[in-house]
Amino acid sequence: MWSYDFVEDRTHNGRRYRILNIIDECSRECLATVPLRRSRSNDMVDLLIDLFIEHEPPGHIRSDNGPEFVANAVREWLGRVGAITFYIEPRSPWENGYIESFNAHLRDELLNGEIFYSLEEVKAVTGWWRDHYNRMRPHSSLQYRPPAPETIRMPAWPLGSATLHLPARLASEAHIN
């Protein structure tokens with residue numbers, strides 16, 4: 001189950017921006033923090049495509065009834081990939097507690113203590129904060145461990161390297177065009 005929602009703030013010159021936050025409710029990992037001046041349904045679909053490729057698609061995704069989340073393009077695309085949408089009741093943020101808690105931490109730990117002069121600065125600093133949140137910050141719900149600690153990743157093998165050690169007959173059958 002994933003949750004997503006926006007947090008709104010302003011840069012030093014008063015220009016409004018919104019940060020789209022997406023979290024995995026089970027692991028508490030923040031999958032994305034995306035600062036935007038404006039958001040369109042096509043932007044939402046593009047971001048979700050990238051996340052679904054990087055992680056596997058969730059079975060369910062929870063949000064409020066904001067126009068970006070209920071847009072036909074987003075709903076149709078989520079339906080095609082098989083992610084079931086759960087929309088909370090209007091004016092009921094407690095029904096989306098995981099993302100609301102995340103948004104409160106983001107505001108308390110970062111946004112309320114920073115003055116941003118540009119959207120690029122917001123992107124850089126929220127990217128750093130997201131990495132800290134996922135990899136270093138202890139979470140009481142996870143027995144004071146971070147949701148996505150650093151792991152050692154095995155290098156990806158070159159395509160077709162497994163066929164190098166197969167007998168010639170099997171290697172030719174395993175070749176992918």
# chains A, B, ... in the order shown; residues from 1 in each chain; ligands from 1
$ residues_around --residues "Ser101 (chain A)" --least-positions-apart "4" --cutoff "12 Å" --atoms "only C-alpha atoms" --output "ChimeraX atom specification"
/A:3-5,7,21,23,25,28,30,93-97,105-109,139,141
$ write_last_selection --atoms "N, CA and C atoms" --output "CSV table (one decimal), in the first residue's frame"
chain,number,residue,atom,x,y,z
A,3,SER,N,0.9,5.6,-0.2
A,3,SER,CA,0.1,6.8,0.0
A,3,SER,C,0.8,8.0,-0.7
A,4,TYR,N,0.0,8.9,-1.2
A,4,TYR,CA,0.6,10.1,-1.7
A,4,TYR,C,-0.3,11.3,-1.4
A,5,ASP,N,0.4,12.5,-1.3
A,5,ASP,CA,-0.2,13.7,-0.9
A,5,ASP,C,0.7,14.9,-1.2
A,7,VAL,N,2.4,18.7,0.1
A,7,VAL,CA,2.6,19.7,1.1
A,7,VAL,C,2.9,21.0,0.4
A,21,ASN,N,4.6,14.0,-2.1
A,21,ASN,CA,5.3,13.0,-1.3
A,21,ASN,C,4.6,11.6,-1.6
A,23,ILE,N,4.9,7.6,-0.2
A,23,ILE,CA,5.5,6.7,0.8
A,23,ILE,C,4.9,5.3,0.6
A,25,GLU,N,3.5,2.5,2.8
A,25,GLU,CA,3.0,2.4,4.2
A,25,GLU,C,3.6,1.3,5.0
A,28,ARG,N,7.5,2.2,5.4
A,28,ARG,CA,7.7,3.7,5.8
A,28,ARG,C,8.7,4.4,4.9
A,30,CYS,N,10.1,6.6,2.1
A,30,CYS,CA,9.7,7.7,1.2
A,30,CYS,C,10.2,7.4,-0.2
A,93,PRO,N,-8.3,13.8,7.1
A,93,PRO,CA,-6.9,13.4,6.9
A,93,PRO,C,-6.5,12.2,7.8
A,94,TRP,N,-7.2,12.0,8.9
A,94,TRP,CA,-6.8,10.8,9.7
A,94,TRP,C,-6.9,9.5,9.0
A,95,GLU,N,-7.7,9.5,7.9
A,95,GLU,CA,-7.9,8.3,7.1
A,95,GLU,C,-6.6,8.0,6.2
A,96,ASN,N,-5.7,9.0,6.2
A,96,ASN,CA,-4.5,8.8,5.4
A,96,ASN,C,-3.3,9.2,6.3
A,97,GLY,N,-3.3,8.5,7.5
A,97,GLY,CA,-2.4,8.9,8.6
A,97,GLY,C,-0.9,8.7,8.3
A,105,HIS,N,6.3,15.6,9.6
A,105,HIS,CA,7.7,15.5,9.9
A,105,HIS,C,8.5,16.3,8.9
A,106,LEU,N,8.1,16.3,7.6
A,106,LEU,CA,8.8,17.1,6.6
A,106,LEU,C,8.7,18.6,7.0
A,107,ARG,N,7.5,19.0,7.4
A,107,ARG,CA,7.3,20.4,7.7
A,107,ARG,C,8.1,20.8,9.0
A,108,ASP,N,8.0,20.0,10.0
A,108,ASP,CA,8.6,20.3,11.3
A,108,ASP,C,10.2,20.2,11.2
A,109,GLU,N,10.7,19.2,10.5
A,109,GLU,CA,12.1,19.0,10.5
A,109,GLU,C,12.8,19.7,9.4
A,139,HIS,N,13.0,5.4,13.1
A,139,HIS,CA,11.6,5.5,13.2
A,139,HIS,C,11.0,4.6,14.3
A,141,SER,N,8.2,3.3,14.8
A,141,SER,CA,7.4,2.2,14.3
A,141,SER,C,8.2,1.1,13.7
$ residues_around --residues "region 127-129 of chain A" --least-positions-apart "5" --cutoff "12 Å" --atoms "only C-alpha atoms" --output "list in words"
Ile19, Asn21, Cys30, Leu31, Ala32, Thr33, Val34, Pro35, Phe102, His105, Leu106, Arg107, Asp108, Glu109, Leu110, Leu111, Glu114, Glu120, Glu121, Val122, Asn134, Arg135, Met136 and Arg137 of chain A
$ residues_around --residues "region 77-87 of chain A" --least-positions-apart "4" --cutoff "7 Å" --atoms "only C-alpha atoms" --output "PyMOL selection string"
chain A and resi 57-65+73
$ residues_around --residues "Ser27 (chain A)" --least-positions-apart "3" --cutoff "8 Å" --atoms "only C-alpha atoms" --output "ChimeraX atom specification"
/A:24,147-148
$ write_last_selection --atoms "all heavy atoms" --output "PDB file, in the first residue's frame"
ATOM      1  N   ASP A  24       5.706   4.320   1.053  1.00  0.00           N
ATOM      2  CA  ASP A  24       5.272   2.936   1.177  1.00  0.00           C
ATOM      3  C   ASP A  24       4.809   2.770   2.626  1.00  0.00           C
ATOM      4  O   ASP A  24       5.602   2.938   3.550  1.00  0.00           O
ATOM      5  CB  ASP A  24       6.429   1.996   0.853  1.00  0.00           C
ATOM      6  CG  ASP A  24       6.058   0.532   0.942  1.00  0.00           C
ATOM      7  OD1 ASP A  24       5.285   0.156   1.853  1.00  0.00           O
ATOM      8  OD2 ASP A  24       6.563  -0.244   0.127  1.00  0.00           O
ATOM      9  N   PRO A 147      13.874   3.219   7.497  1.00  0.00           N
ATOM     10  CA  PRO A 147      13.101   2.356   6.605  1.00  0.00           C
ATOM     11  C   PRO A 147      13.902   1.734   5.473  1.00  0.00           C
ATOM     12  O   PRO A 147      13.586   0.649   5.012  1.00  0.00           O
ATOM     13  CB  PRO A 147      12.021   3.279   6.045  1.00  0.00           C
ATOM     14  CG  PRO A 147      12.446   4.651   6.338  1.00  0.00           C
ATOM     15  CD  PRO A 147      13.436   4.602   7.455  1.00  0.00           C
ATOM     16  N   ALA A 148      14.933   2.394   4.993  1.00  0.00           N
ATOM     17  CA  ALA A 148      15.693   1.867   3.854  1.00  0.00           C
ATOM     18  C   ALA A 148      17.184   2.070   4.106  1.00  0.00           C
ATOM     19  O   ALA A 148      17.815   2.902   3.464  1.00  0.00           O
ATOM     20  CB  ALA A 148      15.265   2.555   2.565  1.00  0.00           C
TER      21      ALA A 148
END
$ select_by_dssp --residues "region 64-98 of chain A" --states "alpha helix (DSSP H)" --output "ChimeraX atom specification"
/A:67-70,72-81,97-98
$ write_last_selection --atoms "N, CA and C atoms" --output "CSV table (one decimal), in the first residue's frame"
chain,number,residue,atom,x,y,z
A,67,PRO,N,-7.6,17.1,-7.2
A,67,PRO,CA,-7.8,17.0,-8.6
A,67,PRO,C,-6.7,16.2,-9.3
A,68,GLU,N,-5.5,16.2,-8.8
A,68,GLU,CA,-4.4,15.5,-9.4
A,68,GLU,C,-4.6,14.0,-9.3
A,69,PHE,N,-5.2,13.6,-8.2
A,69,PHE,CA,-5.3,12.1,-7.9
A,69,PHE,C,-6.6,11.5,-8.5
A,70,VAL,N,-7.6,12.3,-8.7
A,70,VAL,CA,-8.9,11.8,-9.2
A,70,VAL,C,-9.0,12.1,-10.7
A,72,ASN,N,-9.0,11.8,-14.6
A,72,ASN,CA,-9.3,10.6,-15.4
A,72,ASN,C,-8.0,9.9,-15.9
A,73,ALA,N,-7.0,10.7,-16.3
A,73,ALA,CA,-5.8,10.1,-16.8
A,73,ALA,C,-5.1,9.2,-15.8
A,74,VAL,N,-5.0,9.7,-14.5
A,74,VAL,CA,-4.4,9.0,-13.5
A,74,VAL,C,-5.2,7.8,-13.1
A,75,ARG,N,-6.5,7.9,-12.9
A,75,ARG,CA,-7.4,6.8,-12.5
A,75,ARG,C,-7.3,5.7,-13.6
A,76,GLU,N,-7.4,6.1,-14.9
A,76,GLU,CA,-7.4,5.1,-15.9
A,76,GLU,C,-6.1,4.4,-16.0
A,77,TRP,N,-5.0,5.1,-15.9
A,77,TRP,CA,-3.7,4.5,-15.9
A,77,TRP,C,-3.5,3.5,-14.8
A,78,LEU,N,-3.8,3.9,-13.5
A,78,LEU,CA,-3.7,3.1,-12.4
A,78,LEU,C,-4.6,1.8,-12.5
A,79,GLY,N,-5.8,2.0,-13.1
A,79,GLY,CA,-6.6,0.8,-13.4
A,79,GLY,C,-6.0,-0.1,-14.4
A,80,ARG,N,-5.3,0.4,-15.4
A,80,ARG,CA,-4.7,-0.5,-16.4
A,80,ARG,C,-3.5,-1.3,-15.8
A,81,VAL,N,-2.8,-0.7,-14.8
A,81,VAL,CA,-1.7,-1.4,-14.2
A,81,VAL,C,-2.1,-2.3,-13.0
A,97,GLY,N,-3.3,8.5,7.5
A,97,GLY,CA,-2.4,8.9,8.6
A,97,GLY,C,-0.9,8.7,8.3
A,98,TYR,N,-0.5,7.7,7.5
A,98,TYR,CA,0.9,7.6,7.2
A,98,TYR,C,1.5,8.7,6.4
$ atom_distance --atom1 "CA of Phe116 (chain A)" --atom2 "CA of Arg10 (chain A)"
7.9 Å
